[in-house]
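Shown here: final.cif, mmCIF, C-alpha atoms.
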```cif
data_input
#
loop_
_atom_site.label_atom_id
_atom_site.label_comp_id
_atom_site.auth_asym_id
_atom_site.auth_seq_id
_atom_site.Cartn_x
_atom_site.Cartn_y
_atom_site.Cartn_z
CA MET A 74 0.00 0.00 0.00
CA SER A 75 1.29 3.45 -0.94
CA ALA A 76 2.03 5.73 2.01
CA VAL A 77 3.49 8.66 0.06
CA ARG A 78 3.19 9.58 -3.58
CA LEU A 79 4.54 12.89 -4.90
CA GLU A 80 4.49 13.78 -8.59
CA GLY A 81 6.24 16.95 -9.76
CA ALA A 82 5.82 18.42 -6.27
CA VAL A 83 6.74 22.09 -5.96
CA VAL A 84 6.92 23.88 -2.61
CA LEU A 85 7.65 27.59 -2.47
CA LEU A 86 9.24 29.13 0.62
CA GLY A 87 8.51 32.77 -0.13
CA ARG A 88 9.42 32.88 -3.82
CA PHE A 89 12.16 30.25 -3.56
CA PRO A 90 11.24 26.78 -4.84
CA ALA A 91 12.63 24.67 -1.98
CA LEU A 92 11.09 21.67 -3.72
CA ALA A 93 11.21 22.07 -7.49
CA GLY A 94 9.29 19.22 -9.07
CA ALA A 95 10.08 16.21 -6.88
CA ASP A 96 8.83 12.71 -7.68
CA PHE A 97 8.86 10.45 -4.65
CA ALA A 98 6.99 7.36 -3.47
CA VAL A 99 7.09 5.26 -0.32
CA ASP A 100 5.13 2.10 0.43
CA SER A 101 4.01 0.91 3.86
CA GLY A 102 6.67 -1.22 5.55
CA GLU A 103 9.51 0.52 3.72
CA VAL A 104 12.41 2.41 5.31
CA VAL A 105 13.53 5.04 2.82
CA LEU A 106 16.68 7.05 3.35
CA VAL A 107 16.66 10.47 1.72
CA ARG A 108 20.20 11.61 1.14
CA GLY A 109 21.46 14.96 -0.12
CA PRO A 110 23.58 18.00 0.74
CA ASN A 111 22.35 20.91 2.83
CA GLY A 112 19.65 22.81 0.96
CA ALA A 113 18.74 19.86 -1.26
CA GLY A 114 15.10 19.99 -0.12
CA LYS A 115 15.08 16.99 2.26
CA SER A 116 13.51 18.79 5.23
CA THR A 117 11.03 20.58 2.96
CA MET A 118 9.92 17.24 1.53
CA LEU A 119 9.43 15.80 5.04
CA HIS A 120 7.40 18.86 6.10
CA LEU A 121 5.31 18.58 2.92
CA CYS A 122 4.63 14.90 3.66
CA ALA A 123 3.59 15.89 7.22
CA GLY A 124 1.02 18.29 5.81
CA LEU A 125 2.82 21.31 7.23
CA LEU A 126 3.66 23.00 3.92
CA PRO A 127 1.31 23.73 1.02
CA LEU A 128 1.85 22.14 -2.36
CA SER A 129 2.26 24.94 -4.93
CA GLU A 130 2.31 22.70 -8.02
CA GLY A 131 2.20 19.03 -8.83
CA ARG A 132 0.32 16.27 -7.05
CA GLY A 133 0.76 14.71 -3.65
CA GLU A 134 -1.00 12.02 -1.65
CA VAL A 135 -0.09 10.87 1.87
CA LEU A 136 -1.87 7.95 3.54
CA GLY A 137 -4.68 8.31 1.04
CA SER A 138 -5.25 12.03 1.68
CA ASP A 139 -4.66 14.64 -1.00
CA LEU A 140 -2.00 17.18 0.02
CA GLY A 141 -3.61 19.82 -2.15
CA SER A 142 -7.04 19.70 -0.55
CA ASP A 143 -6.83 17.84 2.76
CA ARG A 144 -3.50 18.46 4.50
CA ALA A 145 -5.13 18.61 7.92
CA ALA A 146 -6.24 14.96 7.63
CA VAL A 147 -2.62 13.87 7.17
CA ARG A 148 -1.22 15.51 10.29
CA ARG A 149 -2.82 13.35 12.95
CA ARG A 150 -1.49 10.18 11.28
CA VAL A 151 2.17 11.11 10.87
CA GLY A 152 5.05 11.48 13.32
CA LEU A 153 7.62 14.14 12.52
CA LEU A 154 10.99 14.62 14.16
CA GLY A 155 12.49 17.85 12.88
CA HIS A 156 15.71 19.68 13.63
CA ASP A 157 14.04 21.26 16.64
CA THR A 158 12.42 19.14 19.32
CA ALA A 159 8.93 20.77 19.33
CA LEU A 160 8.91 20.49 23.13
CA TYR A 161 7.72 23.17 25.56
CA GLY A 162 10.82 23.99 27.60
CA GLU A 163 8.97 24.77 30.85
CA LEU A 164 7.06 21.49 30.76
CA SER A 165 8.65 18.22 31.82
CA ALA A 166 9.20 15.30 29.47
CA ALA A 167 6.16 13.49 30.90
CA GLU A 168 3.98 16.63 30.70
CA ASN A 169 5.01 17.28 27.10
CA LEU A 170 4.18 13.74 26.07
CA ASP A 171 0.92 13.69 28.02
CA LEU A 172 -0.15 16.93 26.33
CA TRP A 173 0.93 15.56 22.94
CA ALA A 174 -1.07 12.35 23.48
CA ARG A 175 -4.22 14.08 24.71
CA ALA A 176 -4.16 16.70 21.94
CA SER A 177 -3.68 13.92 19.38
CA ARG A 178 -6.44 11.82 21.01
CA VAL A 179 -4.22 8.83 21.66
CA ASP A 180 -3.98 6.94 24.94
CA ALA A 181 -1.78 8.88 27.37
CA ALA A 182 -1.19 5.62 29.26
CA GLY A 183 1.49 4.92 26.66
CA VAL A 184 3.65 7.83 27.83
CA PRO A 185 5.75 5.99 30.47
CA GLY A 186 6.35 3.14 28.05
CA ALA A 187 7.51 5.50 25.32
CA LEU A 188 9.93 7.29 27.67
CA ARG A 189 11.29 3.94 28.90
CA ARG A 190 11.61 2.70 25.31
CA LEU A 191 13.79 5.72 24.47
CA GLY A 192 15.92 5.17 27.54
CA VAL A 193 14.96 8.40 29.33
CA PRO A 194 15.76 7.75 33.03
CA GLU A 195 12.70 7.98 35.28
CA GLY A 196 14.45 10.59 37.40
CA LEU A 197 14.31 12.98 34.44
CA TRP A 198 10.64 12.58 33.59
CA ALA A 199 9.58 15.45 35.86
CA VAL A 200 12.46 17.78 34.93
CA PRO A 201 11.54 20.73 32.66
CA SER A 202 12.72 19.71 29.21
CA ALA A 203 14.71 22.96 28.80
CA ARG A 204 17.00 21.66 31.57
CA LEU A 205 17.72 18.35 29.83
CA SER A 206 20.81 17.83 27.70
CA ALA A 207 20.43 18.11 23.92
CA GLY A 208 20.65 14.32 23.58
CA GLN A 209 17.99 13.74 26.26
CA ARG A 210 15.66 16.28 24.63
CA ARG A 211 16.14 14.46 21.33
CA ARG A 212 15.15 11.19 23.02
CA VAL A 213 12.04 12.83 24.51
CA ALA A 214 11.14 14.24 21.08
CA LEU A 215 11.43 10.73 19.64
CA ALA A 216 9.30 9.37 22.47
CA ALA A 217 6.65 11.91 21.41
CA VAL A 218 6.68 10.32 17.95
CA VAL A 219 6.46 6.83 19.47
CA VAL A 220 3.51 7.69 21.70
CA ARG A 221 1.39 8.66 18.68
CA ARG A 222 1.95 5.31 16.89
CA PRO A 223 2.05 7.04 13.50
CA GLU A 224 1.46 5.29 10.20
CA LEU A 225 4.19 7.39 8.58
CA TRP A 226 7.43 8.28 10.39
CA LEU A 227 9.23 11.35 9.08
CA LEU A 228 12.62 11.69 10.73
CA ASP A 229 15.04 14.50 9.93
CA GLU A 230 18.59 13.55 10.93
CA PRO A 231 17.22 11.25 13.68
CA HIS A 232 20.66 10.12 14.86
CA ALA A 233 22.02 13.66 15.28
CA GLY A 234 23.07 14.54 18.81
CA LEU A 235 22.64 10.99 20.14
CA ASP A 236 25.26 8.75 21.71
CA SER A 237 25.92 5.27 20.30
CA GLU A 238 23.28 3.69 22.56
CA GLY A 239 20.74 6.29 21.46
CA ARG A 240 21.58 5.73 17.80
CA GLU A 241 21.03 2.00 18.22
CA LEU A 242 17.70 2.68 19.95
CA VAL A 243 16.53 4.88 17.09
CA SER A 244 17.60 2.32 14.51
CA GLY A 245 15.71 -0.37 16.44
CA LEU A 246 12.59 1.82 16.59
CA MET A 247 12.62 2.39 12.85
CA SER A 248 12.98 -1.31 12.13
CA GLU A 249 10.13 -2.14 14.53
CA ALA A 250 7.88 0.51 13.00
CA ALA A 251 8.49 -0.79 9.48
CA ALA A 252 7.94 -4.38 10.62
CA ALA A 253 4.61 -3.29 12.11
CA GLY A 254 3.57 -1.91 8.72
CA ALA A 255 4.40 1.79 9.08
CA ALA A 256 6.37 3.66 6.43
CA VAL A 257 9.59 5.32 7.57
CA VAL A 258 11.30 8.18 5.75
CA LEU A 259 14.52 9.49 7.23
CA ALA A 260 16.66 12.29 5.92
CA SER A 261 20.39 12.48 6.38
CA HIS A 262 23.08 14.53 4.69
CA GLU A 263 25.99 12.22 5.40
CA PRO A 264 26.71 8.48 5.62
CA GLY A 265 25.95 7.05 9.05
CA PRO A 266 23.98 4.50 11.04
CA ALA A 267 20.90 4.94 8.83
CA ASP A 268 22.62 3.37 5.82
CA GLY A 269 22.24 -0.21 6.97
CA LEU A 270 18.56 0.21 7.85
CA ALA A 271 17.18 1.59 4.64
CA THR A 272 15.44 -0.67 2.17
CA ARG A 273 15.88 2.09 -0.43
CA THR A 274 17.97 5.24 -0.80
CA VAL A 275 16.79 8.35 -2.58
CA THR A 276 19.19 11.15 -3.45
CA MET A 277 18.07 14.76 -3.64
CA ALA A 278 19.75 17.82 -5.13
CA GLY A 279 18.42 21.27 -5.93
CA GLY A 280 14.91 20.47 -4.74
CA THR A 281 14.41 17.41 -6.93
CA VAL A 282 14.97 13.67 -6.57
CA SER A 283 18.06 12.92 -8.63
CA ALA A 284 18.42 9.18 -7.96
CA ASP A 285 16.30 6.38 -6.49
CA ALA A 286 18.03 3.07 -5.79
CA ALA A 287 17.06 -0.08 -3.88
CA MET B 941 -22.83 18.24 17.66
CA TRP B 942 -22.72 18.10 21.48
CA ARG B 943 -19.80 15.68 21.23
CA ASP B 944 -17.93 18.13 18.95
CA LEU B 945 -18.58 20.98 21.36
CA ARG B 946 -17.39 18.86 24.29
CA LEU B 947 -14.19 17.98 22.42
CA LEU B 948 -13.67 21.65 21.51
CA ALA B 949 -14.14 22.70 25.13
CA GLY B 950 -11.73 19.96 26.25
CA ASP B 951 -9.08 21.13 23.78
CA ILE B 952 -9.53 24.77 24.82
CA GLY B 953 -8.99 23.70 28.42
CA LEU B 954 -5.93 21.65 27.45
CA VAL B 955 -4.23 24.56 25.67
CA ALA B 956 -5.18 27.09 28.36
CA ALA B 957 -3.91 24.81 31.14
CA LYS B 958 -0.69 24.26 29.20
CA ASP B 959 -0.07 28.02 28.75
CA LEU B 960 -0.97 28.81 32.36
CA ARG B 961 1.30 26.04 33.66
CA ILE B 962 4.15 27.38 31.52
CA GLU B 963 3.37 30.89 32.75
CA TRP B 964 3.29 29.72 36.38
CA ARG B 965 6.72 28.11 35.98
CA ALA B 966 8.24 31.07 34.10
CA ARG B 967 6.67 33.59 36.53
CA THR B 968 6.49 36.27 33.81
CA THR B 969 3.14 37.69 34.92
CA LEU B 970 3.76 37.44 38.64
CA GLY B 971 7.44 38.31 38.61
CA GLN B 972 7.58 40.91 35.85
CA VAL B 973 4.21 42.10 34.55
CA VAL B 974 2.53 42.78 37.91
CA PRO B 975 5.50 44.71 39.38
CA PHE B 976 5.82 46.60 36.05
CA ALA B 977 2.11 47.49 36.10
CA LEU B 978 2.30 48.69 39.72
CA LEU B 979 5.36 50.78 38.86
CA VAL B 980 3.49 52.35 35.95
CA LEU B 981 0.70 53.34 38.36
CA VAL B 982 3.25 54.97 40.68
CA MET B 983 4.91 56.77 37.75
CA PHE B 984 1.55 58.11 36.54
CA GLY B 985 1.07 59.41 40.07
CA PHE B 986 4.44 61.24 39.90
CA ALA B 987 3.67 62.57 36.41
CA LEU B 988 0.39 64.05 37.66
CA ASN B 989 2.17 65.59 40.65
CA ALA B 990 0.26 63.35 43.09
CA ASN B 991 -2.66 65.73 42.65
CA ARG B 992 -5.56 63.86 44.30
CA PRO B 993 -8.49 65.45 42.32
CA THR B 994 -6.66 65.00 39.02
CA LEU B 995 -5.71 61.41 39.88
CA GLU B 996 -9.28 60.56 40.88
CA LEU B 997 -10.55 61.84 37.54
CA ALA B 998 -7.81 60.08 35.57
CA THR B 999 -7.86 56.81 37.55
CA PRO B 1000 -10.03 54.73 35.16
CA GLY B 1001 -7.97 55.72 32.11
CA LEU B 1002 -4.63 55.20 33.86
CA LEU B 1003 -5.78 51.81 35.14
CA TRP B 1004 -6.75 50.52 31.70
CA MET B 1005 -3.70 52.04 29.98
CA THR B 1006 -1.63 50.02 32.44
CA VAL B 1007 -3.60 46.83 31.68
CA LEU B 1008 -3.01 47.59 27.99
CA PHE B 1009 0.77 47.65 28.55
CA ALA B 1010 0.46 44.34 30.39
CA THR B 1011 -1.49 42.94 27.41
CA VAL B 1012 1.44 43.60 25.08
CA VAL B 1013 3.81 41.68 27.37
CA ALA B 1014 1.39 38.79 27.93
CA VAL B 1015 0.65 38.36 24.22
CA GLN B 1016 4.33 38.54 23.26
CA ARG B 1017 5.02 35.83 25.81
CA SER B 1018 2.12 33.73 24.48
CA VAL B 1019 3.56 33.96 20.95
CA ALA B 1020 7.10 33.16 22.14
CA VAL B 1021 5.93 29.98 23.90
CA GLU B 1022 4.83 28.52 20.56
CA SER B 1023 7.79 29.71 18.49
CA THR B 1024 10.57 28.50 20.82
CA ASP B 1025 12.12 25.24 19.60
CA GLY B 1026 9.26 24.70 17.16
CA ALA B 1027 6.86 23.85 20.00
CA GLY B 1028 3.85 25.23 18.15
CA ARG B 1029 4.26 22.47 15.58
CA MET B 1030 2.89 20.10 18.20
CA LEU B 1031 -0.50 21.81 18.13
CA LEU B 1032 -0.57 21.79 14.32
CA LEU B 1033 0.37 18.12 14.02
CA SER B 1034 -2.05 17.06 16.74
CA GLY B 1035 -4.91 17.74 14.37
CA MET B 1036 -6.58 19.91 17.02
CA ALA B 1037 -9.13 22.41 15.67
CA PRO B 1038 -7.40 25.80 15.26
CA ALA B 1039 -10.40 27.40 16.98
CA ALA B 1040 -9.56 25.34 20.09
CA ALA B 1041 -5.92 26.46 20.02
CA PHE B 1042 -7.05 30.08 19.66
CA GLY B 1043 -9.63 29.71 22.42
CA GLY B 1044 -7.10 28.14 24.78
CA LYS B 1045 -4.46 30.76 24.20
CA THR B 1046 -7.03 33.56 24.55
CA LEU B 1047 -8.34 32.09 27.80
CA ALA B 1048 -4.83 31.84 29.25
CA VAL B 1049 -4.00 35.46 28.38
CA ALA B 1050 -7.37 36.61 29.76
CA VAL B 1051 -6.73 34.86 33.08
CA GLN B 1052 -3.32 36.55 33.35
CA LEU B 1053 -4.76 39.99 32.54
CA LEU B 1054 -7.56 39.47 35.03
CA ALA B 1055 -4.93 38.67 37.65
CA VAL B 1056 -3.16 41.93 36.76
CA ALA B 1057 -6.47 43.82 37.06
CA VAL B 1058 -7.16 42.18 40.43
CA VAL B 1059 -3.85 43.61 41.71
CA LEU B 1060 -4.25 47.01 40.03
CA VAL B 1061 -7.75 47.84 41.27
CA PRO B 1062 -6.71 47.77 44.96
CA GLY B 1063 -3.58 49.58 43.76
CA VAL B 1064 -5.56 52.58 42.50
CA VAL B 1065 -7.66 52.55 45.67
CA LEU B 1066 -4.50 52.73 47.78
CA LEU B 1067 -2.35 54.97 45.59
CA TYR B 1068 -4.92 57.31 44.04
CA GLY B 1069 -7.57 57.22 46.75
CA ALA B 1070 -10.22 55.87 44.36
CA GLU B 1071 -13.48 54.55 45.81
CA ILE B 1072 -15.47 51.71 44.30
CA GLU B 1073 -19.17 52.56 44.15
CA SER B 1074 -20.29 49.51 42.14
CA LEU B 1075 -18.19 46.42 42.73
CA LEU B 1076 -20.38 44.34 40.38
CA LEU B 1077 -19.86 46.77 37.50
CA ALA B 1078 -16.11 46.85 38.18
CA VAL B 1079 -15.91 43.04 38.18
CA VAL B 1080 -18.02 42.56 35.04
CA THR B 1081 -16.11 45.31 33.22
CA SER B 1082 -12.79 43.74 34.18
CA ILE B 1083 -13.87 40.32 32.89
CA ALA B 1084 -15.31 41.68 29.62
CA ALA B 1085 -12.37 44.02 28.97
CA THR B 1086 -9.63 41.47 29.70
CA ALA B 1087 -11.44 38.91 27.50
CA GLY B 1088 -11.59 41.43 24.66
CA LEU B 1089 -7.94 42.39 25.06
CA ALA B 1090 -6.93 38.73 25.17
CA ALA B 1091 -8.95 37.81 22.07
CA ALA B 1092 -7.69 40.72 19.98
CA GLY B 1093 -4.16 40.21 21.32
CA SER B 1094 -4.09 36.48 20.56
CA LEU B 1095 -5.40 37.08 17.06
CA LEU B 1096 -2.83 39.80 16.32
CA GLY B 1097 -0.14 37.72 18.00
CA ALA B 1098 -0.82 35.02 15.39
CA VAL B 1099 -0.76 37.65 12.63
CA VAL B 1100 2.74 38.82 13.58
CA ALA B 1101 4.13 35.44 14.71
CA GLY B 1102 5.89 34.86 11.39
CA VAL B 1103 7.22 38.43 11.15
CA ARG B 1104 10.89 38.82 12.01
CA ALA B 1105 10.42 41.99 14.11
CA HIS B 1106 7.18 40.78 15.73
CA GLN B 1107 8.08 42.16 19.16
CA THR B 1108 8.02 45.72 17.86
CA VAL B 1109 5.28 45.21 15.28
CA LEU B 1110 2.79 43.78 17.79
CA PRO B 1111 2.27 46.97 19.87
CA ILE B 1112 1.96 49.06 16.71
CA LEU B 1113 -0.90 46.85 15.52
CA LEU B 1114 -2.45 46.04 18.88
CA LEU B 1115 -2.83 49.48 20.45
CA PRO B 1116 -5.08 51.01 17.74
CA VAL B 1117 -7.15 47.80 17.46
CA VAL B 1118 -7.91 47.68 21.19
CA ALA B 1119 -8.61 51.40 21.47
CA PRO B 1120 -12.38 50.65 21.74
CA VAL B 1121 -11.64 48.46 24.78
CA LEU B 1122 -9.65 51.25 26.39
CA ILE B 1123 -12.44 53.74 25.80
CA ALA B 1124 -15.30 51.44 26.88
CA ALA B 1125 -13.52 50.03 29.94
CA THR B 1126 -12.52 53.53 31.03
CA ARG B 1127 -16.10 54.83 30.71
CA ALA B 1128 -17.53 51.80 32.53
CA PHE B 1129 -14.98 52.25 35.33
CA GLU B 1130 -15.82 55.95 35.58
CA ASP B 1131 -19.31 54.78 36.51
CA ALA B 1132 -18.04 52.02 38.81
CA LEU B 1133 -15.76 54.48 40.65
CA GLY B 1134 -18.31 57.30 40.52
CA THR B 1135 -15.95 59.76 38.83
CA ALA B 1136 -18.33 60.62 35.96
CA ALA B 1137 -22.06 60.45 35.32
CA VAL B 1138 -22.16 57.79 32.61
CA ASN B 1139 -24.09 54.56 32.16
CA GLY B 1140 -21.34 52.00 32.65
CA TRP B 1141 -23.47 49.02 31.68
CA SER B 1142 -23.98 50.30 28.14
CA TRP B 1143 -20.19 50.43 27.78
CA VAL B 1144 -20.00 46.85 29.09
CA GLY B 1145 -22.32 45.92 26.21
CA LEU B 1146 -19.81 47.42 23.78
CA LEU B 1147 -17.01 45.44 25.44
CA ALA B 1148 -19.01 42.24 25.08
CA GLY B 1149 -19.64 42.97 21.39
CA PHE B 1150 -15.96 43.69 20.78
CA THR B 1151 -14.98 40.45 22.53
CA ALA B 1152 -17.54 38.38 20.61
CA ALA B 1153 -16.40 39.84 17.27
CA ASN B 1154 -12.74 39.12 18.01
CA VAL B 1155 -13.44 35.60 19.27
CA ALA B 1156 -15.45 34.84 16.11
CA LEU B 1157 -12.77 36.33 13.86
CA GLY B 1158 -10.01 34.48 15.71
CA ALA B 1159 -11.83 31.15 15.53
CA VAL B 1160 -12.03 31.49 11.75
CA ALA B 1161 -8.66 33.10 11.01
CA TYR B 1162 -6.38 31.34 13.51
CA GLY B 1163 -5.97 28.20 11.38
CA PRO B 1164 -4.61 29.95 8.29
CA LEU B 1165 -2.48 32.19 10.51
CA MET B 1166 -0.95 29.16 12.30
CA GLU B 1167 -0.08 27.68 8.91
CA GLU B 1168 1.63 30.89 7.83
CA ALA B 1169 3.68 31.17 11.02
#
```
Just give me the structure as structure tokens.
Amino acid sequence: MSAVRLEGAVVLLGRFPALAGADFAVDSGEVVLVRGPNGAGKSTMLHLCAGLLPLSEGRGEVLGSDLGSDRAAVRRRVGLLGHDTALYGELSAAENLDLWARASRVDAAGVPGALRRLGVPEGLWAVPSARLSAGQRRRVALAAVVVRRPELWLLDEPHAGLDSEGRELVSGLMSEAAAAGAAVVLASHEPGPADGLATRTVTMAGGTVSADAA
Amino acid sequence: MWRDLRLLAGDIGLVAAKDLRIEWRARTTLGQVVPFALLVLVMFGFALNANRPTLELATPGLLWMTVLFATVVAVQRSVAVESTDGAGRMLLLSGMAPAAAFGGKTLAVAVQLLAVAVVLVPGVVLLYGAEIESLLLAVVTSIAATAGLAAAGSLLGAVVAGVRAHQTVLPILLLPVVAPVLIAATRAFEDALGTAAVNGWSWVGLLAGFTAANVALGAVAYGPLMEEA
């Protein structure tokens, strides 16, 4: 089943075409690595797939919803890890995840499990997230993705800022998600731990997909 | 329909509780806005040469000008909470109705402004020698005016959220827009404090209309504005 299908997708940031006619497809159960230099359009494509950016030209469908007419329907079903953590600094890890779960209408009872799964020590659950280290905040942000049980995982440089144990955890999560039938798209600008996980690698340059190889 | 309304109310409560919890931890209102507002009252007193008759006449206007200054700070803080570390993306991705996000943020700002007003009213009684003739009118005016300020402020906060110089742009946009609140709340308080022979309740009606218009506009416009930010 197709999770993402973009045809000639154009996204304008101001007047600049950050995505300039990209063709891209991902099926459920796939782990697709999107590779490319800085400014290639990787993050823009992830944000488009999350329903956070409007499609200026071309066609796009995510989880059966049209990106041109029904972006809002996509959002609740995807999990996005961006460069920033999207956490409220004054709220603790547990409070952030609880809020995230309740706003997304998923069971907040999964919060402790998600934090444990990401290896966040229980002693840090009540600490305001602004006081956590960058690596711990990254783990909490990933736990927020886990708690939603998304059908499409969109991960921008997911291994950045993590120690070797954290990188292994993230790799394990992606494999589990794909095995459970979710689609996983991860963006990375350099070779790293994601290489061995991907079932397919897509290369981007100048806002378009320049190569697609299994 | 009732289920949708219940969900909307639940989401409004969720966002308001989140903003108030953040505010309680950051202590911006208690630690900075309230002392600032009290200082402004004292400074107005100095500027008017501590002249009791003049201060009594000017009290309602000075009080609401001070609440207006507090509104700018509270709204800027409300915008900053969502823009720091991309936190606002959480609300967008949750699929929550934008009207609920707007309602929650407006409610949180209104509660903070009401807290400021609760401190300032005794302040003008102590500092300016004002006397409250109608407590009910003062309370209703305070609720209606702070709700109107919060609704207009939250809406304009979303308008400027994506603007690079939003901290300076916000007051320029906000102050003219909320001028009707300043005028109506001042007139209603003139009646509540007995400093002028006006019908305060008719001005409360204007405040309620202003609030309703801004809440309706915000509920419709907040979604597109969140997307732009």
Go ahead and compute the interatomic distance for CA of Trp173 (chain A) and CA of Val973 (chain B), in Å to one decimal.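 Those two atoms sit 29.2 Å apart.
Using all atoms listed in the file for every distance, the candidate list B:Pro975, B:Gly1028, B:Gly1043, B:Gly1102 yields B:Gly1028 as the residue closest to chain A.
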Which value, in Å to one decimal, gives the distance between CA of Arg149 (chain A) and CA of Ala174 (chain A)?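 Computed distance, CA of Arg149 (chain A) to CA of Ala174 (chain A), equals 10.7 Å.
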Near Val220 (chain A), within 8 Å and counting all atoms listed in the file, which residues show up once chain neighbours fewer than 2 positions away are dropped, as a JSON list (two decimals) with C-alpha atoms, in the coordinates of the input?
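Okay, out-v5.json is ready:
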```
[["chain", "number", "residue", "atom", "x", "y", "z"],
["A", 170, "LEU", "CA", 4.18, 13.74, 26.07],
["A", 174, "ALA", "CA", -1.07, 12.35, 23.48],
["A", 179, "VAL", "CA", -4.22, 8.83, 21.66],
["A", 181, "ALA", "CA", -1.78, 8.88, 27.37],
["A", 183, "GLY", "CA", 1.49, 4.92, 26.66],
["A", 184, "VAL", "CA", 3.65, 7.83, 27.83],
["A", 187, "ALA", "CA", 7.51, 5.50, 25.32],
["A", 216, "ALA", "CA", 9.30, 9.37, 22.47],
["A", 217, "ALA", "CA", 6.65, 11.91, 21.41],
["A", 218, "VAL", "CA", 6.68, 10.32, 17.95],
["A", 222, "ARG", "CA", 1.95, 5.31, 16.89]]
```
Separation of CA of Arg211 (chain A) from CA of Lys115 (chain A) in Å: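 These two atoms are separated by 19.3 Å.
What the PyMOL selection byres ((chain A and resi 285) around 12) grabs from this file is Ala95, Asp96, Phe97, Ala98, Val99, Val105, Leu106, Val107, Arg108, Gly109, Thr272, Arg273, Thr274, Val275, Thr276, Met277, Thr281, Val282, Ser283, Ala284, Ala286 and Ala287 of chain A.
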Dump as a list in words the residues of chain B that approach chain A to within 9 Å, counting only C-alpha atoms.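 Those within range of chain A come out as Asp951, Leu954, Val955, Lys958, Arg961, Ile962, Glu963, Arg965, Ala966, Val1021, Glu1022, Thr1024, Asp1025, Gly1026, Ala1027, Gly1028, Arg1029, Met1030, Leu1031, Leu1032, Leu1033, Ser1034, Gly1035, Met1036 and Glu1167 of chain B.
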Can you spit out the residues from that selection as a PDB file, in the frame of the given file, using C-alpha atoms?
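What follows is the written file again.pdb:
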```
ATOM      1  CA  ASP B 951      -9.080  21.130  23.780  1.00  0.00           C
ATOM      2  CA  LEU B 954      -5.930  21.650  27.450  1.00  0.00           C
ATOM      3  CA  VAL B 955      -4.230  24.560  25.670  1.00  0.00           C
ATOM      4  CA  LYS B 958      -0.690  24.260  29.200  1.00  0.00           C
ATOM      5  CA  ARG B 961       1.300  26.040  33.660  1.00  0.00           C
ATOM      6  CA  ILE B 962       4.150  27.380  31.520  1.00  0.00           C
ATOM      7  CA  GLU B 963       3.370  30.890  32.750  1.00  0.00           C
ATOM      8  CA  ARG B 965       6.720  28.110  35.980  1.00  0.00           C
ATOM      9  CA  ALA B 966       8.240  31.070  34.100  1.00  0.00           C
ATOM     10  CA  VAL B1021       5.930  29.980  23.900  1.00  0.00           C
ATOM     11  CA  GLU B1022       4.830  28.520  20.560  1.00  0.00           C
ATOM     12  CA  THR B1024      10.570  28.500  20.820  1.00  0.00           C
ATOM     13  CA  ASP B1025      12.120  25.240  19.600  1.00  0.00           C
ATOM     14  CA  GLY B1026       9.260  24.700  17.160  1.00  0.00           C
ATOM     15  CA  ALA B1027       6.860  23.850  20.000  1.00  0.00           C
ATOM     16  CA  GLY B1028       3.850  25.230  18.150  1.00  0.00           C
ATOM     17  CA  ARG B1029       4.260  22.470  15.580  1.00  0.00           C
ATOM     18  CA  MET B1030       2.890  20.100  18.200  1.00  0.00           C
ATOM     19  CA  LEU B1031      -0.500  21.810  18.130  1.00  0.00           C
ATOM     20  CA  LEU B1032      -0.570  21.790  14.320  1.00  0.00           C
ATOM     21  CA  LEU B1033       0.370  18.120  14.020  1.00  0.00           C
ATOM     22  CA  SER B1034      -2.050  17.060  16.740  1.00  0.00           C
ATOM     23  CA  GLY B1035      -4.910  17.740  14.370  1.00  0.00           C
ATOM     24  CA  MET B1036      -6.580  19.910  17.020  1.00  0.00           C
ATOM     25  CA  GLU B1167      -0.080  27.680   8.910  1.00  0.00           C
TER      26      GLU B1167
END
```
Residue neighbourhood Ala1085 (chain B), 7 Å, only C-alpha atoms, exclusion window fewer than 6 positions, as JSON, numbers by chain: {"B": [1121, 1125, 1147]}
Which of these, A:Gly112, A:Gly196, A:Gly208, A:Gly254, has the shortest distance to Trp226 (chain A) once you count all atoms listed in the file?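 Distance minimum relative to Trp226 (chain A) lands on A:Gly254.
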Given the file above and the PyMOL selection byres ((chain A and resi 116) around 10), which residues are selected, and can you give them as an mmCIF file with C-alpha atoms, keeping the file's coordinate frame?
```
data_model
loop_
_atom_site.group_PDB
_atom_site.id
_atom_site.type_symbol
_atom_site.label_atom_id
_atom_site.label_comp_id
_atom_site.auth_asym_id
_atom_site.auth_seq_id
_atom_site.Cartn_x
_atom_site.Cartn_y
_atom_site.Cartn_z
ATOM 1 C CA ALA A 91 12.630 24.670 -1.980
ATOM 2 C CA LEU A 92 11.090 21.670 -3.720
ATOM 3 C CA VAL A 107 16.660 10.470 1.720
ATOM 4 C CA ASN A 111 22.350 20.910 2.830
ATOM 5 C CA GLY A 112 19.650 22.810 0.960
ATOM 6 C CA ALA A 113 18.740 19.860 -1.260
ATOM 7 C CA GLY A 114 15.100 19.990 -0.120
ATOM 8 C CA LYS A 115 15.080 16.990 2.260
ATOM 9 C CA THR A 117 11.030 20.580 2.960
ATOM 10 C CA MET A 118 9.920 17.240 1.530
ATOM 11 C CA LEU A 119 9.430 15.800 5.040
ATOM 12 C CA HIS A 120 7.400 18.860 6.100
ATOM 13 C CA LEU A 121 5.310 18.580 2.920
ATOM 14 C CA CYS A 122 4.630 14.900 3.660
ATOM 15 C CA GLY A 155 12.490 17.850 12.880
ATOM 16 C CA HIS A 156 15.710 19.680 13.630
ATOM 17 C CA LEU A 227 9.230 11.350 9.080
ATOM 18 C CA LEU A 228 12.620 11.690 10.730
ATOM 19 C CA ASP A 229 15.040 14.500 9.930
ATOM 20 C CA GLU A 230 18.590 13.550 10.930
ATOM 21 C CA LEU A 259 14.520 9.490 7.230
ATOM 22 C CA ALA A 260 16.660 12.290 5.920
ATOM 23 C CA SER A 261 20.390 12.480 6.380
#
```
